[in-house]
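Next comes input.cif, a file with mmCIF, C-alpha atoms.
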```
data_structure
#
loop_
_atom_site.label_atom_id
_atom_site.label_comp_id
_atom_site.auth_asym_id
_atom_site.auth_seq_id
_atom_site.Cartn_x
_atom_site.Cartn_y
_atom_site.Cartn_z
CA MET Z 94 22.78 2.51 5.76
CA ALA Z 95 24.94 -0.65 5.74
CA LEU Z 96 21.90 -2.88 6.34
CA THR Z 97 19.83 -1.33 3.55
CA ALA Z 98 22.82 -1.46 1.19
CA ARG Z 99 23.14 -5.20 1.74
CA TRP Z 100 19.39 -5.88 1.95
CA PRO Z 101 17.71 -3.07 -0.01
CA ALA Z 102 14.26 -4.60 0.51
CA LEU Z 103 14.50 -4.13 4.28
CA ARG Z 104 13.29 -0.52 4.33
CA GLY Z 105 10.47 -1.10 1.86
CA GLY Z 106 9.34 -4.25 3.63
CA ALA Z 107 9.28 -2.53 7.01
CA LEU Z 108 7.23 0.37 5.64
CA ALA Z 109 4.79 -2.02 3.94
CA LEU Z 110 4.45 -3.97 7.18
CA VAL Z 111 3.53 -0.81 9.10
CA ALA Z 112 0.94 0.01 6.43
CA ALA Z 113 -0.43 -3.53 6.70
CA VAL Z 114 -0.77 -3.36 10.48
CA LEU Z 115 -2.58 -0.01 10.37
CA PHE Z 116 -5.00 -1.17 7.67
CA GLY Z 117 -5.47 -4.64 9.19
CA ILE Z 118 -6.54 -3.18 12.51
CA SER Z 119 -9.08 -0.96 10.79
CA THR Z 120 -11.16 -3.73 9.15
CA PRO Z 121 -12.94 -5.20 12.22
CA LEU Z 122 -13.15 -1.71 13.76
CA VAL Z 123 -14.97 -0.35 10.69
CA GLN Z 124 -17.50 -3.17 11.02
CA ARG Z 125 -18.32 -2.07 14.56
CA ALA Z 126 -18.17 1.69 14.11
CA GLY Z 127 -20.20 1.58 10.88
CA LEU Z 128 -23.00 -0.57 12.28
CA GLY Z 129 -26.35 0.78 11.06
CA LEU Z 130 -24.78 3.26 8.64
CA GLY Z 131 -24.90 3.23 4.85
CA ALA Z 132 -21.82 2.02 2.98
CA LEU Z 133 -21.39 5.40 1.23
CA THR Z 134 -21.57 7.32 4.51
CA THR Z 135 -19.02 4.97 6.08
CA ALA Z 136 -16.61 5.35 3.15
CA SER Z 137 -16.99 9.14 3.16
CA LEU Z 138 -16.15 9.43 6.85
CA LEU Z 139 -13.16 7.08 6.52
CA TYR Z 140 -11.63 9.16 3.75
CA ALA Z 141 -12.51 12.43 5.47
CA GLY Z 142 -10.30 11.18 8.31
CA ALA Z 143 -7.62 10.26 5.79
CA ALA Z 144 -7.83 13.76 4.29
CA PHE Z 145 -6.99 15.33 7.66
CA VAL Z 146 -3.90 13.12 7.89
CA GLY Z 147 -2.88 14.07 4.34
CA LEU Z 148 -3.26 17.75 5.19
CA TRP Z 149 -1.23 17.32 8.37
CA THR Z 150 1.63 15.32 6.78
CA ARG Z 151 2.30 17.43 3.68
CA ARG Z 152 5.91 18.55 3.34
CA PRO Z 153 7.42 21.68 1.74
CA ALA Z 154 8.50 21.61 -1.91
CA GLN Z 155 12.18 21.54 -1.00
CA LYS Z 156 11.61 18.24 0.85
CA GLU Z 157 9.15 16.37 -1.42
CA ALA Z 158 8.20 16.61 -5.11
CA ARG Z 159 4.87 18.34 -5.79
CA LEU Z 160 1.93 16.81 -7.63
CA THR Z 161 1.61 18.24 -11.14
CA ARG Z 162 -1.38 18.87 -13.39
CA THR Z 163 -0.54 15.78 -15.44
CA ASP Z 164 -0.97 13.66 -12.28
CA LEU Z 165 -4.63 14.63 -11.83
CA PRO Z 166 -6.21 12.02 -14.15
CA ARG Z 167 -4.31 9.22 -12.37
CA LEU Z 168 -5.23 10.67 -8.97
CA ALA Z 169 -8.90 10.78 -10.02
CA LEU Z 170 -8.80 7.11 -11.02
CA MET Z 171 -7.12 6.26 -7.71
CA ALA Z 172 -9.94 8.06 -5.91
CA LEU Z 173 -12.58 6.25 -7.99
CA PHE Z 174 -11.24 2.76 -7.29
CA GLY Z 175 -9.40 3.22 -3.99
CA ALA Z 176 -11.58 5.77 -2.18
CA GLY Z 177 -14.89 5.00 -3.91
CA VAL Z 178 -15.47 1.45 -5.10
CA GLY Z 179 -13.06 -0.21 -2.61
CA PRO Z 180 -14.28 1.19 0.72
CA VAL Z 181 -17.96 1.20 -0.31
CA ALA Z 182 -17.77 -2.47 -1.33
CA LEU Z 183 -15.87 -3.32 1.87
CA ALA Z 184 -18.29 -1.39 4.12
CA TRP Z 185 -21.27 -3.12 2.49
CA GLY Z 186 -19.58 -6.52 2.67
CA LEU Z 187 -18.75 -6.05 6.36
CA GLN Z 188 -22.46 -5.63 7.03
CA HIS Z 189 -23.18 -9.01 5.42
CA THR Z 190 -20.35 -11.22 6.66
CA SER Z 191 -18.04 -11.55 9.66
CA GLY Z 192 -15.07 -9.28 10.27
CA THR Z 193 -12.77 -12.30 10.32
CA SER Z 194 -14.02 -13.52 6.93
CA ALA Z 195 -13.59 -10.09 5.35
CA SER Z 196 -10.12 -9.62 6.81
CA LEU Z 197 -8.94 -12.96 5.45
CA LEU Z 198 -10.31 -12.46 1.95
CA LEU Z 199 -8.41 -9.17 1.64
CA THR Z 200 -5.30 -11.33 1.19
CA LEU Z 201 -6.23 -11.51 -2.50
CA GLU Z 202 -5.47 -7.80 -2.88
CA ALA Z 203 -1.77 -8.70 -2.94
CA LEU Z 204 -2.27 -11.13 -5.79
CA PHE Z 205 -4.13 -8.61 -7.95
CA THR Z 206 -1.53 -5.91 -7.20
CA ALA Z 207 1.44 -8.15 -8.00
CA LEU Z 208 -0.04 -9.38 -11.27
CA LEU Z 209 -0.89 -5.86 -12.42
CA ALA Z 210 2.58 -4.57 -11.42
CA TRP Z 211 4.21 -7.39 -13.38
CA LEU Z 212 2.01 -6.79 -16.43
CA LEU Z 213 2.15 -2.98 -16.47
CA TYR Z 214 5.56 -2.13 -14.95
CA ARG Z 215 7.42 -5.37 -15.68
CA GLU Z 216 8.74 -5.42 -12.13
CA THR Z 217 11.32 -8.11 -11.43
CA MET Z 218 9.69 -11.20 -9.91
CA ASP Z 219 12.50 -13.62 -9.14
CA ARG Z 220 12.23 -16.94 -7.32
CA ARG Z 221 12.54 -15.43 -3.85
CA VAL Z 222 9.66 -13.01 -4.50
CA TRP Z 223 7.44 -15.80 -5.81
CA VAL Z 224 8.31 -17.94 -2.76
CA ALA Z 225 7.44 -15.06 -0.42
CA MET Z 226 4.15 -14.45 -2.21
CA GLY Z 227 3.41 -18.17 -2.15
CA LEU Z 228 3.96 -18.31 1.61
CA LEU Z 229 1.70 -15.32 2.19
CA MET Z 230 -1.02 -16.70 -0.06
CA ALA Z 231 -0.74 -20.14 1.58
CA GLY Z 232 -1.16 -18.48 4.97
CA GLY Z 233 -4.23 -16.65 3.73
CA LEU Z 234 -5.66 -19.88 2.29
CA MET Z 235 -5.27 -21.62 5.65
CA LEU Z 236 -7.11 -18.78 7.34
CA VAL Z 237 -9.93 -19.04 4.78
CA ILE Z 238 -10.13 -22.82 5.36
CA ASP Z 239 -10.37 -22.12 9.07
CA GLN Z 240 -13.16 -19.63 8.51
CA SER Z 241 -15.10 -21.96 6.20
CA GLN Z 242 -15.02 -24.67 8.88
CA ALA Z 243 -16.47 -22.18 11.34
CA GLY Z 244 -19.44 -21.82 8.98
CA THR Z 245 -19.89 -18.06 9.46
CA ALA Z 246 -18.97 -16.84 5.99
CA GLN Z 247 -21.82 -15.39 3.92
CA MET Z 248 -21.23 -15.51 0.18
CA VAL Z 249 -22.87 -12.22 -0.86
CA GLY Z 250 -20.86 -10.23 1.67
CA LEU Z 251 -17.66 -12.02 0.69
CA LEU Z 252 -18.26 -11.23 -2.99
CA ALA Z 253 -18.51 -7.54 -2.07
CA VAL Z 254 -15.21 -7.79 -0.16
CA LEU Z 255 -13.70 -9.53 -3.20
CA ALA Z 256 -14.80 -6.57 -5.35
CA ALA Z 257 -13.02 -4.29 -2.87
CA THR Z 258 -9.78 -6.26 -3.24
CA VAL Z 259 -9.93 -5.94 -7.04
CA ALA Z 260 -10.58 -2.18 -6.77
CA TRP Z 261 -7.69 -1.70 -4.33
CA GLY Z 262 -5.40 -3.83 -6.52
CA ILE Z 263 -6.07 -1.41 -9.39
CA ASP Z 264 -5.60 1.55 -7.03
CA ASN Z 265 -2.27 0.17 -5.75
CA THR Z 266 -0.97 -0.25 -9.29
CA LEU Z 267 -2.05 3.26 -10.29
CA SER Z 268 -0.42 4.75 -7.19
CA ARG Z 269 3.02 3.34 -8.11
CA ALA Z 270 3.56 6.19 -10.59
CA LEU Z 271 2.84 8.74 -7.83
CA ALA Z 272 4.93 7.10 -5.10
CA ASP Z 273 7.75 9.60 -5.66
CA ARG Z 274 5.48 12.61 -5.16
CA ASP Z 275 4.79 14.06 -1.72
CA PRO Z 276 2.76 11.26 -0.05
CA GLY Z 277 0.88 13.84 2.03
CA GLN Z 278 -0.35 15.53 -1.13
CA VAL Z 279 -1.32 12.20 -2.72
CA VAL Z 280 -3.24 11.11 0.38
CA LEU Z 281 -4.96 14.49 0.62
CA GLY Z 282 -5.95 14.62 -3.06
CA LYS Z 283 -7.24 11.05 -3.17
CA ALA Z 284 -9.07 11.35 0.15
CA VAL Z 285 -10.79 14.67 -0.65
CA LEU Z 286 -12.01 13.35 -4.01
CA GLY Z 287 -13.20 10.10 -2.45
CA ALA Z 288 -14.86 11.66 0.61
CA THR Z 289 -16.74 14.35 -1.33
CA THR Z 290 -17.97 11.92 -4.00
CA THR Z 291 -19.19 9.21 -1.62
CA GLY Z 292 -20.54 11.82 0.82
CA GLY Z 293 -22.51 13.52 -1.96
CA LEU Z 294 -23.95 10.19 -3.11
CA ALA Z 295 -24.85 9.25 0.48
CA TRP Z 296 -26.78 12.53 0.89
CA TRP Z 297 -28.49 12.15 -2.51
CA LEU Z 298 -29.59 8.58 -1.74
CA GLY Z 299 -30.83 9.57 1.72
CA GLU Z 300 -28.58 7.36 3.82
CA PRO Z 301 -29.08 7.89 7.58
CA ALA Z 302 -26.85 10.48 9.25
CA PRO Z 303 -24.28 9.05 11.69
CA SER Z 304 -24.27 9.78 15.39
CA TRP Z 305 -21.49 11.99 16.72
CA GLY Z 306 -19.85 8.94 18.29
CA SER Z 307 -19.91 6.86 15.10
CA ALA Z 308 -18.67 9.80 13.02
CA ALA Z 309 -15.76 10.46 15.39
CA ALA Z 310 -14.82 6.78 15.48
CA LEU Z 311 -14.86 6.42 11.69
CA LEU Z 312 -12.86 9.64 11.24
CA ALA Z 313 -10.21 8.31 13.63
CA ILE Z 314 -10.16 4.88 11.96
CA GLY Z 315 -9.91 6.52 8.54
CA GLY Z 316 -7.06 8.75 9.67
CA THR Z 317 -4.90 5.83 10.82
CA GLY Z 318 -6.15 2.84 8.81
CA TYR Z 319 -6.53 4.70 5.51
CA GLY Z 320 -4.57 7.97 5.74
CA LEU Z 321 -1.41 6.92 7.60
CA SER Z 322 -1.56 3.44 6.08
CA LEU Z 323 -1.64 4.88 2.55
CA ARG Z 324 1.28 7.19 3.39
CA PHE Z 325 3.44 4.25 4.51
CA TYR Z 326 2.23 2.21 1.53
CA LEU Z 327 3.37 4.90 -0.91
CA LEU Z 328 6.75 5.15 0.81
CA ALA Z 329 7.09 1.37 0.58
CA GLN Z 330 6.27 1.45 -3.15
CA ARG Z 331 8.91 4.13 -3.55
CA ALA Z 332 11.43 1.91 -1.78
CA PHE Z 333 10.82 -1.44 -3.49
CA GLY Z 334 8.02 -1.37 -6.02
CA ALA Z 335 4.32 -2.18 -6.27
CA ALA Z 336 4.42 -5.98 -6.39
CA ARG Z 337 6.57 -6.45 -3.28
CA THR Z 338 4.66 -3.81 -1.34
CA GLY Z 339 1.38 -5.50 -2.21
CA SER Z 340 2.77 -8.87 -1.19
CA VAL Z 341 3.96 -7.75 2.26
CA PHE Z 342 0.68 -5.86 2.66
CA ALA Z 343 -1.04 -9.27 2.46
CA PHE Z 344 -0.11 -9.58 6.14
CA ALA Z 345 -2.93 -7.11 6.92
CA PRO Z 346 -5.69 -9.78 6.87
CA PHE Z 347 -4.00 -11.72 9.65
CA ILE Z 348 -3.77 -8.57 11.76
CA GLY Z 349 -7.48 -7.90 11.15
CA ALA Z 350 -8.44 -11.51 11.90
CA ALA Z 351 -6.37 -11.51 15.10
CA LEU Z 352 -8.04 -8.30 16.29
CA ALA Z 353 -11.48 -9.71 15.45
CA VAL Z 354 -10.62 -12.67 17.67
CA ALA Z 355 -9.41 -10.33 20.42
CA LEU Z 356 -12.70 -8.46 20.23
CA GLY Z 357 -14.52 -11.70 20.98
CA GLU Z 358 -15.76 -12.72 17.54
CA ARG Z 359 -14.27 -16.22 17.90
CA GLY Z 360 -11.23 -18.09 19.19
CA PHE Z 361 -7.92 -19.07 17.66
CA SER Z 362 -7.57 -22.45 15.96
CA MET Z 363 -4.80 -24.62 14.55
CA TRP Z 364 -5.45 -23.27 11.04
CA MET Z 365 -5.11 -19.66 12.20
CA VAL Z 366 -1.85 -20.38 14.01
CA LEU Z 367 -0.43 -22.29 11.02
CA GLY Z 368 -1.58 -19.56 8.61
CA SER Z 369 0.06 -16.87 10.70
CA VAL Z 370 3.36 -18.80 10.68
CA PHE Z 371 3.30 -19.01 6.86
CA MET Z 372 2.52 -15.29 6.59
CA LEU Z 373 5.34 -14.33 8.95
CA LEU Z 374 7.76 -16.49 6.95
CA GLY Z 375 6.62 -14.78 3.75
CA VAL Z 376 7.29 -11.34 5.22
CA LEU Z 377 10.74 -12.41 6.44
CA VAL Z 378 11.66 -13.77 2.99
CA HIS Z 379 10.71 -10.41 1.49
CA LEU Z 380 12.74 -8.45 4.03
CA ALA Z 381 15.85 -10.55 3.38
CA GLU Z 382 15.73 -10.16 -0.43
CA SER Z 383 19.10 -9.27 -1.97
CA HIS Z 384 19.12 -9.11 -5.77
CA ALA Z 385 22.40 -7.97 -7.37
CA HIS Z 386 23.92 -7.88 -10.86
CA GLU Z 387 25.61 -5.44 -13.21
CA HIS Z 388 23.05 -3.02 -14.61
CA THR Z 389 22.92 0.21 -16.60
CA HIS Z 390 21.16 3.46 -15.73
CA GLU Z 391 20.22 5.61 -18.71
CA ALA Z 392 20.65 9.38 -18.51
CA MET Z 393 17.52 11.01 -17.10
CA GLU Z 394 16.15 14.10 -15.37
CA HIS Z 395 13.45 14.05 -12.69
CA ASP Z 396 12.29 15.49 -9.36
CA HIS Z 397 11.91 13.45 -6.16
CA ALA Z 398 13.13 13.29 -2.56
CA HIS Z 399 16.70 11.97 -2.37
CA THR Z 400 19.94 11.98 -0.38
CA HIS Z 401 23.55 12.02 -1.57
CA ASP Z 402 24.75 8.82 0.10
CA ASP Z 403 22.87 6.22 -1.98
CA GLY Z 404 25.31 5.87 -4.89
CA HIS Z 405 22.89 7.37 -7.43
CA HIS Z 406 22.89 11.10 -6.62
CA ASP Z 407 26.34 12.61 -7.06
CA HIS Z 408 25.33 16.06 -8.29
CA VAL Z 409 26.78 18.99 -6.37
CA HIS Z 410 25.05 21.72 -4.31
CA GLU Z 411 26.51 24.92 -2.93
CA PRO Z 412 26.17 24.49 -0.01
CA MET Z 413 25.48 20.74 0.22
CA PRO Z 414 22.14 20.06 1.94
CA VAL Z 415 21.88 17.78 4.94
CA GLY Z 416 19.47 14.83 4.72
CA SER Z 417 16.65 14.23 2.30
CA HIS Z 418 15.62 17.02 -0.07
CA SER Z 419 13.82 17.40 -3.40
CA HIS Z 420 14.47 19.32 -6.63
CA LEU Z 421 14.80 18.73 -10.37
CA HIS Z 422 18.12 16.99 -11.00
CA ALA Z 423 19.88 15.05 -13.77
CA HIS Z 424 21.51 11.63 -13.80
CA ALA Z 425 24.33 10.78 -16.17
CA ALA Z 426 24.44 7.31 -17.71
CA LEU Z 427 25.93 4.84 -15.21
CA ASN Z 428 26.88 1.18 -15.19
CA HIS Z 429 27.55 -0.52 -11.86
CA HIS Z 430 26.88 -3.56 -9.67
CA HIS Z 431 25.11 -3.58 -6.30
CA PRO Z 432 22.08 -5.14 -4.53
CA HIS Z 433 18.85 -3.41 -5.58
CA VAL Z 434 15.06 -3.70 -5.81
CA PRO Z 435 12.66 -2.21 -8.42
CA ASP Z 436 12.59 1.31 -7.01
CA LEU Z 437 12.56 4.55 -9.03
CA HIS Z 438 16.15 4.06 -10.25
CA HIS Z 439 15.96 0.34 -10.99
CA THR Z 440 13.21 -0.28 -13.52
CA HIS Z 441 15.47 -2.10 -15.99
CA ARG Z 442 14.30 -5.30 -17.65
CA HIS Z 443 15.70 -8.75 -16.84
#
```
Represent the structure from my file as structure tokens, please.
Amino acid sequence: MALTARWPALRGGALALVAAVLFGISTPLVQRAGLGLGALTTASLLYAGAAFVGLWTRRPAQKEARLTRTDLPRLALMALFGAGVGPVALAWGLQHTSGTSASLLLTLEALFTALLAWLLYRETMDRRVWVAMGLLMAGGLMLVIDQSQAGTAQMVGLLAVLAATVAWGIDNTLSRALADRDPGQVVLGKAVLGATTTGGLAWWLGEPAPSWGSAAALLAIGGTGYGLSLRFYLLAQRAFGAARTGSVFAFAPFIGAALAVALGERGFSMWMVLGSVFMLLGVLVHLAESHAHEHTHEAMEHDHAHTHDDGHHDHVHEPMPVGSHSHLHAHAALNHHHPHVPDLHHTHRH
């Protein structure tokens, strides 16, 4: 608790990094497992796997806040962009370019997410955050330069991957408002909507049926690279906002590119090594963020998972619960000074 009190971005950054690793590994694996399959079929199987993870990781109402009826329109839009347009565009792009190229271009997802979070949520973007984002983007640029020198990038496929990054940037921004709901429920709802829609379109358009081996592989990849990754991504957004989560998540392309190399697609180069150093520095700058000043919390009432040792939840239970729990609770107006990040309780303007 002492570490997160001094560096409140540490928990969020670590969660975003786990999400990035899980998703980064999935990109070159999807290219191999989805070989010969239609893009819609591939997307449907990936999110069917994610749906199983969502079903498995749901928590009881006393531990996590439930989704409400008013959340459904936002969830539907998340499914449209994040479980429909994004994976379909990526699956199609992976069939028309190299896994390394696609992995590297996904770096741009962080830029779209950060810009949308700044525009829509007015999240704090101080100098340290911009430096971290700059390092991550510079690392991604070096990897793209490396790939262009290899001469394997194909423009049409890369444009499809670019469309996927835009769709996921929109999805990431939409999901910020649901980050304090039960992540298992959010993953399940988004995945079921996405899998049924893309699966229905794949059947209607007559895409070839997958083999049992391909189906099992894509279900497993979807469960970890899309289901578990989204769960950790939502928890990271809960801990330190959409822009910072998206920025740390930009590390995913390097993970995907490194795995593509390990699978024999090509070898490491000076540009890849230098790019990875910049990306690692960017992640470390994010993790060490400590932003503190006197700020005011307005009185409010809401429902989300919380503990009573964070300085913001001083209401009384009889008996007092142990650990994290969820229920409707009220906050009185409060003015204090401590290190913080733009989580649920720190959305004030600067």
Identify all residues satisfying the PyMOL selection byres ((chain Z and resi 287) around 7) in the given file; provide them as a PDB file with C-alpha atoms, in the frame of the given file.
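Contents of expr.pdb, as written:
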```
ATOM      1  CA  SER Z 137     -16.990   9.140   3.160  1.00  0.00           C
ATOM      2  CA  TYR Z 140     -11.630   9.160   3.750  1.00  0.00           C
ATOM      3  CA  ALA Z 172      -9.940   8.060  -5.910  1.00  0.00           C
ATOM      4  CA  LEU Z 173     -12.580   6.250  -7.990  1.00  0.00           C
ATOM      5  CA  ALA Z 176     -11.580   5.770  -2.180  1.00  0.00           C
ATOM      6  CA  GLY Z 177     -14.890   5.000  -3.910  1.00  0.00           C
ATOM      7  CA  LYS Z 283      -7.240  11.050  -3.170  1.00  0.00           C
ATOM      8  CA  ALA Z 284      -9.070  11.350   0.150  1.00  0.00           C
ATOM      9  CA  VAL Z 285     -10.790  14.670  -0.650  1.00  0.00           C
ATOM     10  CA  LEU Z 286     -12.010  13.350  -4.010  1.00  0.00           C
ATOM     11  CA  ALA Z 288     -14.860  11.660   0.610  1.00  0.00           C
ATOM     12  CA  THR Z 289     -16.740  14.350  -1.330  1.00  0.00           C
ATOM     13  CA  THR Z 290     -17.970  11.920  -4.000  1.00  0.00           C
ATOM     14  CA  THR Z 291     -19.190   9.210  -1.620  1.00  0.00           C
TER      15      THR Z 291
END
```
Exercise for the section: Write out as a PyMOL selection string the residues lying within 7 Å of Leu229 of chain Z, counting only C-alpha atoms and excluding same-chain residues fewer than 2 positions away. Expected result: chain Z and resi 225-227+231-233+343+371-372+375
Practice task
Evaluate the PyMOL selection byres ((chain Z and resi 317) around 9) here and jot the selected residues down as JSON, numbers by chain.
Solution key: {"Z": [115, 116, 119, 142, 143, 146, 312, 313, 314, 315, 316, 318, 319, 320, 321, 322, 323]}
Exercise for the section: Give me the result of the PyMOL selection byres ((chain Z and resi 265) around 8) on this file, residue by residue, as a VMD selection string. Expected result: chain Z and resid 175 206 261 to 264 266 to 269 335 339
Problem - Residue with smallest distance to Val254 of chain Z - pool Z:Leu327, Z:Ala350, Z:Leu170, Z:Leu183, counting all atoms listed in the file - result: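 Of Z:Leu327, Z:Ala350, Z:Leu170, Z:Leu183, the one nearest Val254 of chain Z is Z:Leu183, counting all atoms listed in the file.
Coordinates place atom CA of Val280 of chain Z at a distance of 9.2 Å from atom CA of Phe145 of chain Z.
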Exercise for the section: State, in Å with one decimal place, the distance from atom CA of Ala112 of chain Z to atom CA of Gly334 of chain Z. Expected result: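 Going from atom CA of Ala112 of chain Z over to atom CA of Gly334 of chain Z, I get 14.4 Å.
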Problem - Atom-to-atom span, atom CA of Phe205 of chain Z and atom CA of Phe174 of chain Z, Å - result: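 Separation between atom CA of Phe205 of chain Z and atom CA of Phe174 of chain Z: 13.4 Å.
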Problem - Best match for closeness to Ala302 of chain Z among Z:Ala132, Z:Ala332, Z:Val354, Z:Val111, counting all atoms listed in the file - result: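 Among the listed residues, the smallest separation from Ala302 of chain Z belongs to Z:Ala132.
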Handout entry: Residue with smallest distance to Gly147 of chain Z - pool Z:Ala182, Z:Leu234, Z:Val249, Z:Val279, counting all atoms listed in the file
Key = Z:Val279
